[in-house]
>>> print(open('final_34.cif').read())   # mmCIF, C-alpha atoms
data_upload
#
loop_
_atom_site.label_atom_id
_atom_site.label_comp_id
_atom_site.auth_asym_id
_atom_site.auth_seq_id
_atom_site.Cartn_x
_atom_site.Cartn_y
_atom_site.Cartn_z
CA MET A 1 -130.62 82.11 47.62
CA GLN A 2 -127.92 84.73 47.27
CA ASP A 3 -129.63 86.77 49.86
CA TRP A 4 -129.66 84.09 52.31
CA LEU A 5 -125.97 83.45 51.85
CA SER A 6 -125.14 87.15 52.25
CA THR A 7 -127.20 87.34 55.35
CA ILE A 8 -125.49 84.32 56.86
CA LEU A 9 -122.05 85.81 56.08
CA ILE A 10 -122.86 89.07 57.63
CA VAL A 11 -124.28 87.48 60.72
CA GLY A 12 -121.30 85.23 60.97
CA SER A 13 -118.90 88.19 60.71
CA LEU A 14 -120.65 90.01 63.36
CA ILE A 15 -120.59 87.05 65.69
CA SER A 16 -116.88 86.60 65.08
CA ALA A 17 -116.07 90.21 65.80
CA THR A 18 -118.02 90.06 69.02
CA LEU A 19 -116.27 86.96 70.15
CA ALA A 20 -112.87 88.46 69.41
CA PHE A 21 -113.62 91.55 71.38
CA ILE A 22 -114.75 89.53 74.35
CA TRP A 23 -111.59 87.44 74.28
CA VAL A 24 -109.33 90.51 74.24
CA ALA A 25 -111.17 92.02 77.11
CA LEU A 26 -110.77 88.94 79.12
CA ARG A 27 -107.06 88.77 78.39
CA LEU A 28 -106.32 92.24 79.38
CA GLY A 29 -108.31 91.95 82.58
CA ASN A 30 -106.10 88.80 83.89
CA PRO A 31 -102.20 89.53 84.81
CA ALA A 32 -101.15 85.85 84.89
CA ALA A 33 -102.64 85.57 81.67
CA ALA A 34 -100.73 88.66 80.71
CA GLU A 35 -97.41 87.23 81.88
CA GLU A 36 -98.17 84.10 80.03
CA ASP A 37 -98.92 86.15 77.06
CA LYS A 38 -95.58 87.95 77.48
CA THR A 39 -93.68 84.69 77.52
CA ASP A 40 -95.58 83.60 74.58
CA SER A 41 -94.69 86.81 72.93
CA TYR A 42 -90.97 86.21 73.60
CA ALA A 43 -91.22 82.78 72.17
CA SER A 44 -93.02 84.17 69.24
CA ALA A 45 -90.37 86.84 68.94
CA ALA A 46 -87.66 84.24 69.14
CA ASP A 47 -89.43 82.28 66.55
CA ILE A 48 -89.70 85.28 64.45
CA GLU A 49 -86.03 86.10 64.98
CA VAL A 50 -85.07 82.59 64.21
CA GLU A 51 -87.03 82.88 61.14
CA HIS A 52 -85.26 86.13 60.59
CA ILE A 53 -81.74 84.68 61.24
CA PHE A 54 -82.20 81.37 59.53
CA ASN A 55 -83.62 82.90 56.51
CA ASP A 56 -83.43 81.43 53.04
CA GLU A 57 -80.07 82.92 52.21
CA PHE A 58 -78.56 81.60 55.37
CA ARG A 59 -80.12 78.29 54.71
CA GLU A 60 -78.89 78.39 51.17
CA GLU A 61 -75.43 79.19 52.46
CA LEU A 62 -75.64 76.38 54.92
CA ARG A 63 -76.91 74.10 52.20
CA ASN A 64 -74.05 75.08 49.94
CA ARG A 65 -71.54 74.53 52.71
CA GLY A 66 -73.13 71.28 53.54
CA ARG A 67 -73.10 70.26 49.91
CA LEU A 68 -69.44 71.17 49.61
CA HIS A 69 -68.60 69.37 52.82
CA PHE A 70 -70.60 66.43 51.72
CA GLU A 71 -68.93 66.49 48.34
CA LYS A 72 -65.58 66.73 50.08
CA ILE A 73 -66.43 63.79 52.31
CA ILE A 74 -67.82 61.94 49.35
CA GLY A 75 -64.62 62.67 47.43
CA GLU A 76 -62.44 61.59 50.32
CA ASN A 77 -64.50 58.50 50.86
CA ALA A 78 -64.43 57.84 47.15
CA MET A 79 -60.66 58.12 47.25
CA PHE A 80 -60.48 55.87 50.30
CA LEU A 81 -62.93 53.54 48.65
CA GLN A 82 -60.86 53.61 45.52
CA GLN A 83 -57.73 52.90 47.52
CA ASP A 84 -59.50 50.18 49.43
CA LEU A 85 -60.88 48.86 46.20
CA ARG A 86 -57.45 48.86 44.61
CA LEU A 87 -55.99 47.27 47.68
CA THR A 88 -58.80 44.78 47.79
CA THR A 89 -58.42 44.16 44.11
CA SER A 90 -54.71 43.64 44.47
CA GLN A 91 -55.33 41.43 47.49
CA VAL A 92 -58.02 39.61 45.63
CA ASN A 93 -55.66 39.25 42.69
CA GLU A 94 -52.92 38.08 44.99
CA TYR A 95 -55.35 35.80 46.76
CA MET A 96 -56.71 34.53 43.49
CA LYS A 97 -53.20 34.08 42.22
CA GLN A 98 -52.21 32.23 45.37
CA GLU A 99 -55.38 30.19 45.32
CA ILE A 100 -55.01 29.41 41.67
CA THR A 101 -51.35 28.64 42.17
CA LYS A 102 -52.18 26.52 45.18
CA THR A 103 -55.01 24.82 43.34
CA LEU A 104 -52.80 24.30 40.34
CA GLN A 105 -49.97 23.10 42.54
CA ASP A 106 -52.37 20.77 44.31
CA ALA A 107 -53.69 19.67 40.97
CA PHE A 108 -50.16 19.27 39.68
CA VAL A 109 -49.15 17.40 42.81
CA LYS A 110 -52.18 15.17 42.46
CA TYR A 111 -51.48 14.88 38.76
CA GLU A 112 -47.87 14.04 39.47
CA GLU A 113 -48.95 11.61 42.14
CA THR A 114 -51.40 10.09 39.72
CA ILE A 115 -48.77 10.00 37.03
CA GLN A 116 -46.30 8.54 39.50
CA ASP A 117 -48.87 5.98 40.63
CA ALA A 118 -49.66 5.14 37.04
CA LYS A 119 -45.97 4.99 36.30
CA ASP A 120 -45.36 2.79 39.34
CA GLN A 121 -48.25 0.58 38.38
CA ALA A 122 -47.00 0.42 34.82
CA LEU A 123 -43.49 -0.35 36.03
CA GLU A 124 -44.85 -2.92 38.45
CA SER A 125 -46.98 -4.41 35.72
CA ILE A 126 -44.02 -4.41 33.34
CA SER A 127 -41.85 -5.87 36.07
CA LYS A 128 -44.43 -8.58 36.79
CA THR A 129 -44.79 -9.22 33.10
CA GLN A 130 -41.04 -9.44 32.74
CA VAL A 131 -40.86 -11.83 35.68
CA ALA A 132 -43.70 -13.89 34.25
CA VAL A 133 -42.08 -13.86 30.81
CA GLU A 134 -38.76 -14.80 32.35
CA GLN A 135 -40.37 -17.60 34.34
CA GLN A 136 -42.23 -18.75 31.25
CA ARG A 137 -39.03 -18.58 29.25
CA GLU A 138 -37.14 -20.54 31.89
CA LEU A 139 -39.97 -23.06 32.08
CA MET A 140 -40.06 -23.39 28.31
CA GLU A 141 -36.30 -23.64 28.19
CA LYS A 142 -36.38 -26.32 30.84
CA GLN A 143 -39.18 -28.18 29.07
CA LEU A 144 -37.41 -27.78 25.75
CA LYS A 145 -34.20 -29.10 27.27
CA GLU A 146 -36.06 -32.02 28.81
CA VAL A 147 -37.80 -32.78 25.53
CA MET A 148 -34.54 -32.46 23.66
CA GLU A 149 -32.77 -34.66 26.18
CA GLN A 150 -35.57 -37.21 25.98
CA GLU A 151 -35.55 -37.08 22.20
CA LYS A 152 -31.78 -37.31 22.13
CA LYS A 153 -31.86 -40.18 24.60
CA ARG A 154 -34.61 -41.85 22.59
CA ILE A 155 -32.66 -41.44 19.34
CA VAL A 156 -29.46 -42.66 20.96
CA GLU A 157 -31.27 -45.59 22.56
CA ARG A 158 -32.95 -46.37 19.28
CA PHE A 159 -29.65 -46.09 17.48
CA GLU A 160 -27.93 -48.23 20.10
CA ASN A 161 -30.71 -50.78 20.10
CA ASN A 162 -30.76 -50.98 16.36
CA MET A 163 -27.07 -50.50 15.94
CA ALA A 164 -26.46 -54.22 15.84
CA ASP A 165 -29.04 -54.57 13.09
CA ILE A 166 -27.63 -51.54 11.28
CA VAL A 167 -24.09 -52.86 11.41
CA ASN A 168 -25.32 -56.33 10.58
CA HIS A 169 -27.23 -54.96 7.63
CA TYR A 170 -24.22 -52.97 6.57
CA VAL A 171 -21.92 -55.99 6.88
CA LEU A 172 -24.41 -58.15 5.04
CA ASN A 173 -24.72 -55.67 2.20
CA ALA A 174 -21.00 -55.01 2.16
CA ILE A 175 -19.62 -58.51 2.34
CA GLY A 176 -22.64 -60.76 2.89
CA ASN A 177 -22.36 -62.45 -0.44
CA GLN A 178 -18.67 -62.95 0.02
CA ILE A 179 -19.01 -65.02 3.19
CA SER A 180 -19.98 -68.64 2.72
CA LEU A 181 -20.81 -71.02 5.55
CA ASP A 182 -17.48 -72.73 5.03
CA ASP A 183 -15.81 -69.40 5.66
CA GLN A 184 -17.88 -69.05 8.81
CA LEU A 185 -16.97 -72.51 10.11
CA GLU A 186 -14.15 -71.32 12.30
CA TYR A 187 -16.29 -68.57 13.80
CA ILE A 188 -19.21 -70.95 14.37
CA LEU A 189 -17.00 -73.59 15.99
CA ALA A 190 -15.51 -70.92 18.22
CA GLU A 191 -18.98 -69.80 19.23
CA LEU A 192 -20.04 -73.40 19.87
CA GLU A 193 -16.91 -73.90 21.93
CA SER A 194 -17.64 -70.82 24.03
CA ASN A 195 -21.16 -72.05 24.73
CA LYS A 196 -20.19 -75.70 25.13
CA LYS A 197 -20.60 -75.90 28.87
CA ASP A 198 -24.11 -74.50 28.85
CA MET A 199 -25.08 -76.68 25.92
CA VAL A 200 -23.73 -79.84 27.55
CA LYS A 201 -25.46 -78.97 30.78
CA ASP A 202 -28.76 -78.37 29.03
CA ILE A 203 -28.44 -81.51 26.91
CA GLU A 204 -27.60 -83.71 29.85
CA SER A 205 -30.35 -82.29 32.02
CA GLY A 206 -32.92 -82.47 29.24
CA ALA A 207 -31.88 -85.72 27.63
CA MET B 1 -9.36 -74.86 20.51
CA SER B 2 -11.47 -77.45 22.21
CA GLU B 3 -11.18 -78.96 25.63
CA LYS B 4 -10.48 -82.60 26.03
CA PRO B 5 -13.89 -84.31 26.17
CA LYS B 6 -14.91 -86.33 29.12
CA THR B 7 -14.01 -89.97 28.78
CA ARG B 8 -17.17 -91.71 27.80
CA LYS B 9 -17.48 -95.36 27.09
CA VAL B 10 -18.75 -95.55 23.56
CA THR B 11 -19.70 -98.98 22.35
CA PHE B 12 -21.64 -97.77 19.37
CA ARG B 13 -20.58 -95.09 16.98
CA LEU B 14 -22.58 -93.00 14.59
CA PRO B 15 -21.00 -91.92 11.34
CA ASN B 16 -21.05 -88.23 10.63
CA GLN B 17 -23.20 -88.89 7.57
CA ILE B 18 -26.06 -89.38 10.02
CA ILE B 19 -26.48 -85.79 10.90
CA GLY B 20 -29.92 -85.60 12.43
CA SER B 21 -33.16 -87.41 12.95
CA VAL B 22 -34.03 -87.36 9.26
CA GLU B 23 -30.95 -89.29 8.28
CA LEU B 24 -31.38 -91.63 11.23
CA ILE B 25 -34.98 -92.45 10.27
CA ARG B 26 -33.92 -92.93 6.68
CA ILE B 27 -31.21 -95.38 7.78
CA ILE B 28 -33.66 -97.25 9.99
CA ARG B 29 -36.11 -97.51 7.10
CA GLU B 30 -33.33 -98.63 4.80
CA LEU B 31 -32.18 -101.18 7.30
CA GLU B 32 -35.70 -102.47 7.83
CA LYS B 33 -36.11 -102.88 4.08
CA LEU B 34 -32.88 -104.81 3.97
CA ASP B 35 -34.01 -106.91 6.88
CA ASP B 36 -37.31 -107.66 5.16
CA PHE B 37 -35.57 -108.54 1.94
CA LEU B 38 -33.15 -110.91 3.68
CA TYR B 39 -35.98 -112.46 5.64
CA GLN B 40 -37.99 -113.04 2.47
CA ALA B 41 -34.93 -114.28 0.68
CA ASN B 42 -34.64 -117.05 3.23
CA LEU B 43 -38.24 -118.01 2.60
CA ARG B 44 -38.23 -117.93 -1.19
CA THR B 45 -37.70 -120.92 -3.46
CA PRO B 46 -34.07 -121.34 -4.31
CA GLY B 47 -33.25 -120.21 -7.80
CA THR B 48 -35.91 -117.54 -7.91
CA PRO B 49 -34.40 -114.32 -9.22
CA THR B 50 -34.49 -111.49 -6.73
CA THR B 51 -33.39 -107.93 -6.71
CA PRO B 52 -31.64 -106.94 -3.52
CA PRO B 53 -32.46 -103.47 -2.22
CA LYS B 54 -29.86 -100.85 -2.66
CA TYR B 55 -28.53 -99.47 0.55
CA SER B 56 -26.74 -96.26 1.03
CA LYS B 57 -23.15 -95.59 1.67
CA THR B 58 -24.13 -94.25 5.06
CA LEU B 59 -25.53 -97.60 6.13
CA ASP B 60 -22.42 -99.27 4.84
CA GLU B 61 -20.29 -96.84 6.82
CA LEU B 62 -22.41 -97.39 9.91
CA ALA B 63 -21.98 -101.11 9.70
CA GLU B 64 -18.32 -100.83 8.98
CA ILE B 65 -17.34 -98.53 11.85
CA ASN B 66 -19.34 -100.60 14.27
CA GLN B 67 -18.06 -103.89 12.81
CA ILE B 68 -21.52 -105.19 12.18
CA SER B 69 -22.37 -107.70 9.49
CA LEU B 70 -25.65 -106.75 7.96
CA LEU B 71 -26.11 -110.22 6.64
CA LYS B 72 -26.31 -111.64 10.12
CA GLU B 73 -29.83 -111.37 11.35
CA VAL B 74 -28.93 -111.03 15.00
CA GLU B 75 -26.54 -108.17 14.46
CA ARG B 76 -28.93 -106.56 12.03
CA LYS B 77 -31.78 -106.78 14.50
CA LYS B 78 -29.55 -105.42 17.20
CA LEU B 79 -28.56 -102.53 14.98
CA ILE B 80 -32.20 -101.72 14.25
CA GLU B 81 -32.96 -101.86 17.93
CA VAL B 82 -30.10 -99.52 18.79
CA LEU B 83 -31.04 -97.08 16.05
CA LYS B 84 -34.68 -97.03 17.15
CA LYS B 85 -33.56 -96.43 20.67
CA LEU B 86 -31.43 -93.56 19.44
CA GLU B 87 -34.38 -92.23 17.48
CA ASN B 88 -36.41 -92.05 20.67
CA GLU B 89 -33.79 -91.21 23.24
CA ALA B 90 -30.82 -89.53 21.61
CA PRO B 91 -30.40 -85.86 22.52
CA ALA B 92 -31.10 -83.42 19.78
CA MET B 93 -30.14 -79.92 18.97
CA HIS B 94 -31.44 -77.66 16.29
CA ILE B 95 -29.04 -75.48 14.43
CA SER B 96 -30.15 -72.76 12.02
CA PHE B 97 -28.16 -71.00 9.33
CA ALA B 98 -28.94 -68.23 6.90
CA VAL B 99 -28.50 -70.58 3.94
CA GLU B 100 -28.62 -74.29 3.37
CA PRO B 101 -25.31 -75.73 4.63
CA SER B 102 -23.30 -78.20 2.64
CA ILE B 103 -22.98 -81.86 3.73
CA SER B 104 -19.29 -81.51 4.42
CA PHE B 105 -19.90 -78.44 6.53
CA MET B 106 -22.55 -80.21 8.57
CA GLN B 107 -20.32 -83.25 9.00
CA LYS B 108 -17.71 -81.02 10.61
CA ILE B 109 -20.34 -79.56 12.90
CA VAL B 110 -21.59 -83.06 13.75
CA ASP B 111 -18.07 -84.28 14.40
CA TRP B 112 -17.49 -81.45 16.83
CA SER B 113 -20.88 -81.93 18.48
CA ARG B 114 -20.48 -85.67 19.02
CA GLU B 115 -16.95 -85.17 20.23
CA GLN B 116 -17.64 -82.27 22.56
CA LEU B 117 -21.30 -82.46 23.51
CA HIS B 118 -22.71 -85.96 23.26
CA PRO B 119 -21.67 -88.97 21.15
CA TYR B 120 -25.16 -89.62 19.92
CA ILE B 121 -26.47 -86.12 19.52
CA MET B 122 -28.76 -85.52 16.57
CA VAL B 123 -28.16 -82.23 14.80
CA ASN B 124 -31.25 -81.02 13.01
CA VAL B 125 -30.69 -78.25 10.51
CA GLY B 126 -32.99 -75.32 9.83
CA LEU B 127 -32.98 -72.08 7.94
CA GLN B 128 -33.07 -68.67 9.60
CA PRO B 129 -32.33 -65.87 7.10
CA SER B 130 -32.16 -63.25 9.83
CA VAL B 131 -29.06 -64.92 11.23
CA VAL B 132 -27.03 -63.80 8.19
CA VAL B 133 -23.64 -64.67 9.65
CA GLY B 134 -23.15 -67.37 12.29
CA CYS B 135 -25.86 -69.65 13.54
CA GLU B 136 -28.59 -70.08 16.10
CA VAL B 137 -28.57 -73.24 18.22
CA ARG B 138 -31.59 -74.49 20.10
CA THR B 139 -31.13 -77.24 22.68
CA THR B 140 -33.80 -78.78 24.89
CA ASN B 141 -34.36 -75.74 27.04
CA LYS B 142 -32.15 -73.02 25.67
CA ILE B 143 -31.49 -70.94 22.60
CA PHE B 144 -27.95 -69.86 21.82
CA ASP B 145 -27.73 -66.96 19.44
CA MET B 146 -24.33 -67.28 17.85
CA SER B 147 -25.02 -64.87 15.04
CA LEU B 148 -22.78 -61.98 14.17
CA ARG B 149 -25.68 -59.68 14.98
CA ASN B 150 -25.73 -60.93 18.54
CA ARG B 151 -22.00 -60.53 18.71
CA PHE B 152 -22.43 -56.95 17.56
CA LYS B 153 -24.96 -56.47 20.33
CA ASP B 154 -22.54 -57.82 22.89
CA LYS B 155 -19.77 -55.62 21.59
CA ARG B 156 -22.02 -52.61 21.15
CA LYS B 157 -20.26 -50.75 23.92
CA ILE B 158 -17.00 -50.88 22.00
CA LEU B 159 -18.69 -49.47 18.93
CA ILE B 160 -20.30 -46.68 20.97
CA GLU B 161 -16.97 -45.83 22.51
CA GLU B 162 -15.40 -45.70 19.10
CA LEU B 163 -18.21 -43.50 17.80
CA GLU B 164 -17.84 -41.19 20.79
CA LYS B 165 -14.11 -41.01 20.18
CA ALA B 166 -14.76 -40.20 16.54
CA ASN B 167 -17.21 -37.45 17.56
CA GLY B 168 -14.66 -36.04 19.97
#
>>> encode(input="final_34.cif", output="structure tokens")
Amino acid sequence: MQDWLSTILIVGSLISATLAFIWVALRLGNPAAAEEDKTDSYASAADIEVEHIFNDEFREELRNRGRLHFEKIIGENAMFLQQDLRLTTSQVNEYMKQEITKTLQDAFVKYEETIQDAKDQALESISKTQVAVEQQRELMEKQLKEVMEQEKKRIVERFENNMADIVNHYVLNAIGNQISLDDQLEYILAELESNKKDMVKDIESGA
Amino acid sequence: MSEKPKTRKVTFRLPNQIIGSVELIRIIRELEKLDDFLYQANLRTPGTPTTPPKYSKTLDELAEINQISLLKEVERKKLIEVLKKLENEAPAMHISFAVEPSISFMQKIVDWSREQLHPYIMVNVGLQPSVVVGCEVRTTNKIFDMSLRNRFKDKRKILIEELEKANG
């Protein structure tokens, strides 16, 4: 097995070397191809020089510079950002303050309006109640006066109607036993005399 | 005090002892008894003892003021007739007092009534305790309250005025 592999490698190497030789011969035998090769060689040289110029150190230098520049920019931006942030914060604070103040003022205005409305309603209600109470009081006063007047009138009428009986009763109790019919004769005759005409008229018409 | 009464031709007079219908009926009954007695006396056997009915002083007065002889049948009959007519036709008035009036008091009332109202008026007496002072007279169609109570009622205004003055 090993032999076979060694054989194949050797054969392969030989074939490769042959092919390379052929290719070089062909290249050297064609000028266009040579010019082309020259250009290619310049490009390759440029590439090589580039590789030579932009070597690792230079790249490291560039990287460092870039890092510094980036850090500087980052720092500046951070500062700007910080300033903007502070400004924004202050604006936000101011805005929040204004908004809160406005909201509170609105709330206070609404609250005051509500309080005022409630106060007005309460005052109106109290006013209405006072008016109603006043009306009720006036009505009651009027009714009371009417009742009192009626009662007074009734008592006076009753007194007046019964006054004759009261006085009569008083006279009877005071001097009733002292007055005999003989003592009343003059009074009775006077009363008969005052009613004589009517009595005569009635007697004559009814007799 | 009183007006002069109208001139009325009075041929028959009633004594003031006859106050009202009660006394008049009593007199008629008394007179009829006397008439019966005298009629029977004429019929009885002479010499038979009899007891004449007693008649009242009122009847005697009645006969005397009218100049009537009760022994004469004609006059007696006439008197009975007149009294019965008066019983049926004489005007009457009813007078009420708080207490029973005395005879003398009623005679004065009757005298006034027959002088001022009608010569043959019959005054019937009643009791009305509520009258207290004064009287209440009832004629055919009317009632006259002559009590002191009624007078107080009439003069109530004066009393009210006095009370108002007293109250200021």
>>> resolve_selection(input="final_34.cif", expression="the PyMOL selection byres ((chain B) within 10 of (chain A))", output="VMD selection string")
chain B and resid 1 to 3 89 to 93 97 to 102 104 to 106 108 to 109 112 to 113 116 to 118 121 130 to 157 159 to 160
>>> atom_distance(input="final_34.cif", atom1="atom CA of Arg13 of chain B", atom2="atom CA of Leu70 of chain B")
15.6 Å
>>> atom_distance(input="final_34.cif", atom1="atom CA of Ser56 of chain B", atom2="atom CA of Glu30 of chain B")
8.0 Å
>>> axis_aligned_box(input="final_34.cif", around="segment 91-102 of chain A", padding_each_side="5 Å", output="lines of an AutoDock Vina configuration file")
center_x = -54.7
center_y = 34.0
center_z = 44.6
size_x = 16.7
size_y = 24.9
size_z = 15.8
>>> atom_distance(input="final_34.cif", atom1="atom CA of Ile65 of chain B", atom2="atom CA of Pro15 of chain B")
7.6 Å
>>> resolve_selection(input="final_34.cif", expression="the PyMOL selection byres ((chain B and resi 77) around 12)", output="list of chain:residue names")
B:Ile28, B:Leu31, B:Glu32, B:Lys33, B:Leu34, B:Asp35, B:Asp36, B:Leu38, B:Tyr39, B:Ile68, B:Ser69, B:Leu70, B:Leu71, B:Lys72, B:Glu73, B:Val74, B:Glu75, B:Arg76, B:Lys78, B:Leu79, B:Ile80, B:Glu81, B:Val82, B:Leu83, B:Lys84
>>> decode(input="final_34.cif", residues="segment 31-108 of chain A", atoms="C-alpha atoms", output="PDB file, in the first residue's frame")
ATOM      1  CA  PRO A  31       5.333  39.229 -26.040  1.00  0.00           C
ATOM      2  CA  ALA A  32       1.715  40.302 -25.370  1.00  0.00           C
ATOM      3  CA  ALA A  33       1.669  37.817 -22.826  1.00  0.00           C
ATOM      4  CA  ALA A  34       4.931  39.241 -21.613  1.00  0.00           C
ATOM      5  CA  GLU A  35       3.563  42.777 -21.445  1.00  0.00           C
ATOM      6  CA  GLU A  36       0.586  41.490 -19.636  1.00  0.00           C
ATOM      7  CA  ASP A  37       2.869  39.745 -17.328  1.00  0.00           C
ATOM      8  CA  LYS A  38       4.790  42.996 -16.791  1.00  0.00           C
ATOM      9  CA  THR A  39       1.642  44.849 -15.847  1.00  0.00           C
ATOM     10  CA  ASP A  40       0.741  42.079 -13.616  1.00  0.00           C
ATOM     11  CA  SER A  41       4.130  42.305 -12.114  1.00  0.00           C
ATOM     12  CA  TYR A  42       3.664  46.043 -11.425  1.00  0.00           C
ATOM     13  CA  ALA A  43       0.371  45.379  -9.809  1.00  0.00           C
ATOM     14  CA  SER A  44       1.934  42.672  -7.819  1.00  0.00           C
ATOM     15  CA  ALA A  45       4.756  45.017  -6.928  1.00  0.00           C
ATOM     16  CA  ALA A  46       2.294  47.677  -5.930  1.00  0.00           C
ATOM     17  CA  ASP A  47       0.498  45.167  -3.890  1.00  0.00           C
ATOM     18  CA  ILE A  48       3.667  44.151  -2.336  1.00  0.00           C
ATOM     19  CA  GLU A  49       4.622  47.765  -1.682  1.00  0.00           C
ATOM     20  CA  VAL A  50       1.253  48.463  -0.275  1.00  0.00           C
ATOM     21  CA  GLU A  51       1.728  45.577   1.912  1.00  0.00           C
ATOM     22  CA  HIS A  52       5.101  46.999   2.679  1.00  0.00           C
ATOM     23  CA  ILE A  53       3.782  50.558   3.406  1.00  0.00           C
ATOM     24  CA  PHE A  54       0.625  49.591   5.207  1.00  0.00           C
ATOM     25  CA  ASN A  55       2.356  47.206   7.388  1.00  0.00           C
ATOM     26  CA  ASP A  56       1.229  46.232  10.854  1.00  0.00           C
ATOM     27  CA  GLU A  57       2.961  49.086  12.609  1.00  0.00           C
ATOM     28  CA  PHE A  58       1.427  51.607  10.295  1.00  0.00           C
ATOM     29  CA  ARG A  59      -1.880  49.966  10.743  1.00  0.00           C
ATOM     30  CA  GLU A  60      -1.387  49.917  14.457  1.00  0.00           C
ATOM     31  CA  GLU A  61      -0.529  53.594  14.320  1.00  0.00           C
ATOM     32  CA  LEU A  62      -3.568  54.284  12.251  1.00  0.00           C
ATOM     33  CA  ARG A  63      -5.639  52.198  14.608  1.00  0.00           C
ATOM     34  CA  ASN A  64      -4.307  54.104  17.585  1.00  0.00           C
ATOM     35  CA  ARG A  65      -4.988  57.411  15.894  1.00  0.00           C
ATOM     36  CA  GLY A  66      -8.381  56.258  14.924  1.00  0.00           C
ATOM     37  CA  ARG A  67      -9.048  55.072  18.440  1.00  0.00           C
ATOM     38  CA  LEU A  68      -7.931  58.396  19.851  1.00  0.00           C
ATOM     39  CA  HIS A  69      -9.977  60.300  17.320  1.00  0.00           C
ATOM     40  CA  PHE A  70     -12.900  58.097  17.994  1.00  0.00           C
ATOM     41  CA  GLU A  71     -12.440  58.519  21.714  1.00  0.00           C
ATOM     42  CA  LYS A  72     -12.194  62.258  21.181  1.00  0.00           C
ATOM     43  CA  ILE A  73     -15.364  62.266  19.117  1.00  0.00           C
ATOM     44  CA  ILE A  74     -17.003  59.979  21.623  1.00  0.00           C
ATOM     45  CA  GLY A  75     -15.932  62.326  24.413  1.00  0.00           C
ATOM     46  CA  GLU A  76     -17.162  65.372  22.557  1.00  0.00           C
ATOM     47  CA  ASN A  77     -20.395  63.675  21.692  1.00  0.00           C
ATOM     48  CA  ALA A  78     -20.696  62.491  25.254  1.00  0.00           C
ATOM     49  CA  MET A  79     -20.236  66.062  26.391  1.00  0.00           C
ATOM     50  CA  PHE A  80     -22.751  67.306  23.839  1.00  0.00           C
ATOM     51  CA  LEU A  81     -25.032  64.476  24.805  1.00  0.00           C
ATOM     52  CA  GLN A  82     -24.563  65.361  28.431  1.00  0.00           C
ATOM     53  CA  GLN A  83     -25.298  68.996  27.685  1.00  0.00           C
ATOM     54  CA  ASP A  84     -28.271  68.022  25.583  1.00  0.00           C
ATOM     55  CA  LEU A  85     -29.347  65.654  28.286  1.00  0.00           C
ATOM     56  CA  ARG A  86     -29.027  68.335  30.926  1.00  0.00           C
ATOM     57  CA  LEU A  87     -30.822  70.779  28.715  1.00  0.00           C
ATOM     58  CA  THR A  88     -33.448  68.218  27.928  1.00  0.00           C
ATOM     59  CA  THR A  89     -33.701  67.336  31.573  1.00  0.00           C
ATOM     60  CA  SER A  90     -34.062  70.948  32.531  1.00  0.00           C
ATOM     61  CA  GLN A  91     -36.577  71.434  29.729  1.00  0.00           C
ATOM     62  CA  VAL A  92     -38.346  68.299  30.762  1.00  0.00           C
ATOM     63  CA  ASN A  93     -38.306  69.530  34.342  1.00  0.00           C
ATOM     64  CA  GLU A  94     -39.552  72.901  33.233  1.00  0.00           C
ATOM     65  CA  TYR A  95     -42.106  71.256  31.004  1.00  0.00           C
ATOM     66  CA  MET A  96     -43.127  68.893  33.740  1.00  0.00           C
ATOM     67  CA  LYS A  97     -43.278  71.768  36.153  1.00  0.00           C
ATOM     68  CA  GLN A  98     -45.361  73.795  33.735  1.00  0.00           C
ATOM     69  CA  GLU A  99     -47.550  70.829  32.935  1.00  0.00           C
ATOM     70  CA  ILE A 100     -47.966  69.949  36.563  1.00  0.00           C
ATOM     71  CA  THR A 101     -48.583  73.582  37.402  1.00  0.00           C
ATOM     72  CA  LYS A 102     -51.018  73.856  34.531  1.00  0.00           C
ATOM     73  CA  THR A 103     -52.680  70.598  35.482  1.00  0.00           C
ATOM     74  CA  LEU A 104     -52.801  71.667  39.085  1.00  0.00           C
ATOM     75  CA  GLN A 105     -54.056  75.087  38.104  1.00  0.00           C
ATOM     76  CA  ASP A 106     -56.669  73.476  35.895  1.00  0.00           C
ATOM     77  CA  ALA A 107     -57.514  71.116  38.684  1.00  0.00           C
ATOM     78  CA  PHE A 108     -57.606  74.000  41.124  1.00  0.00           C
TER      79      PHE A 108
END
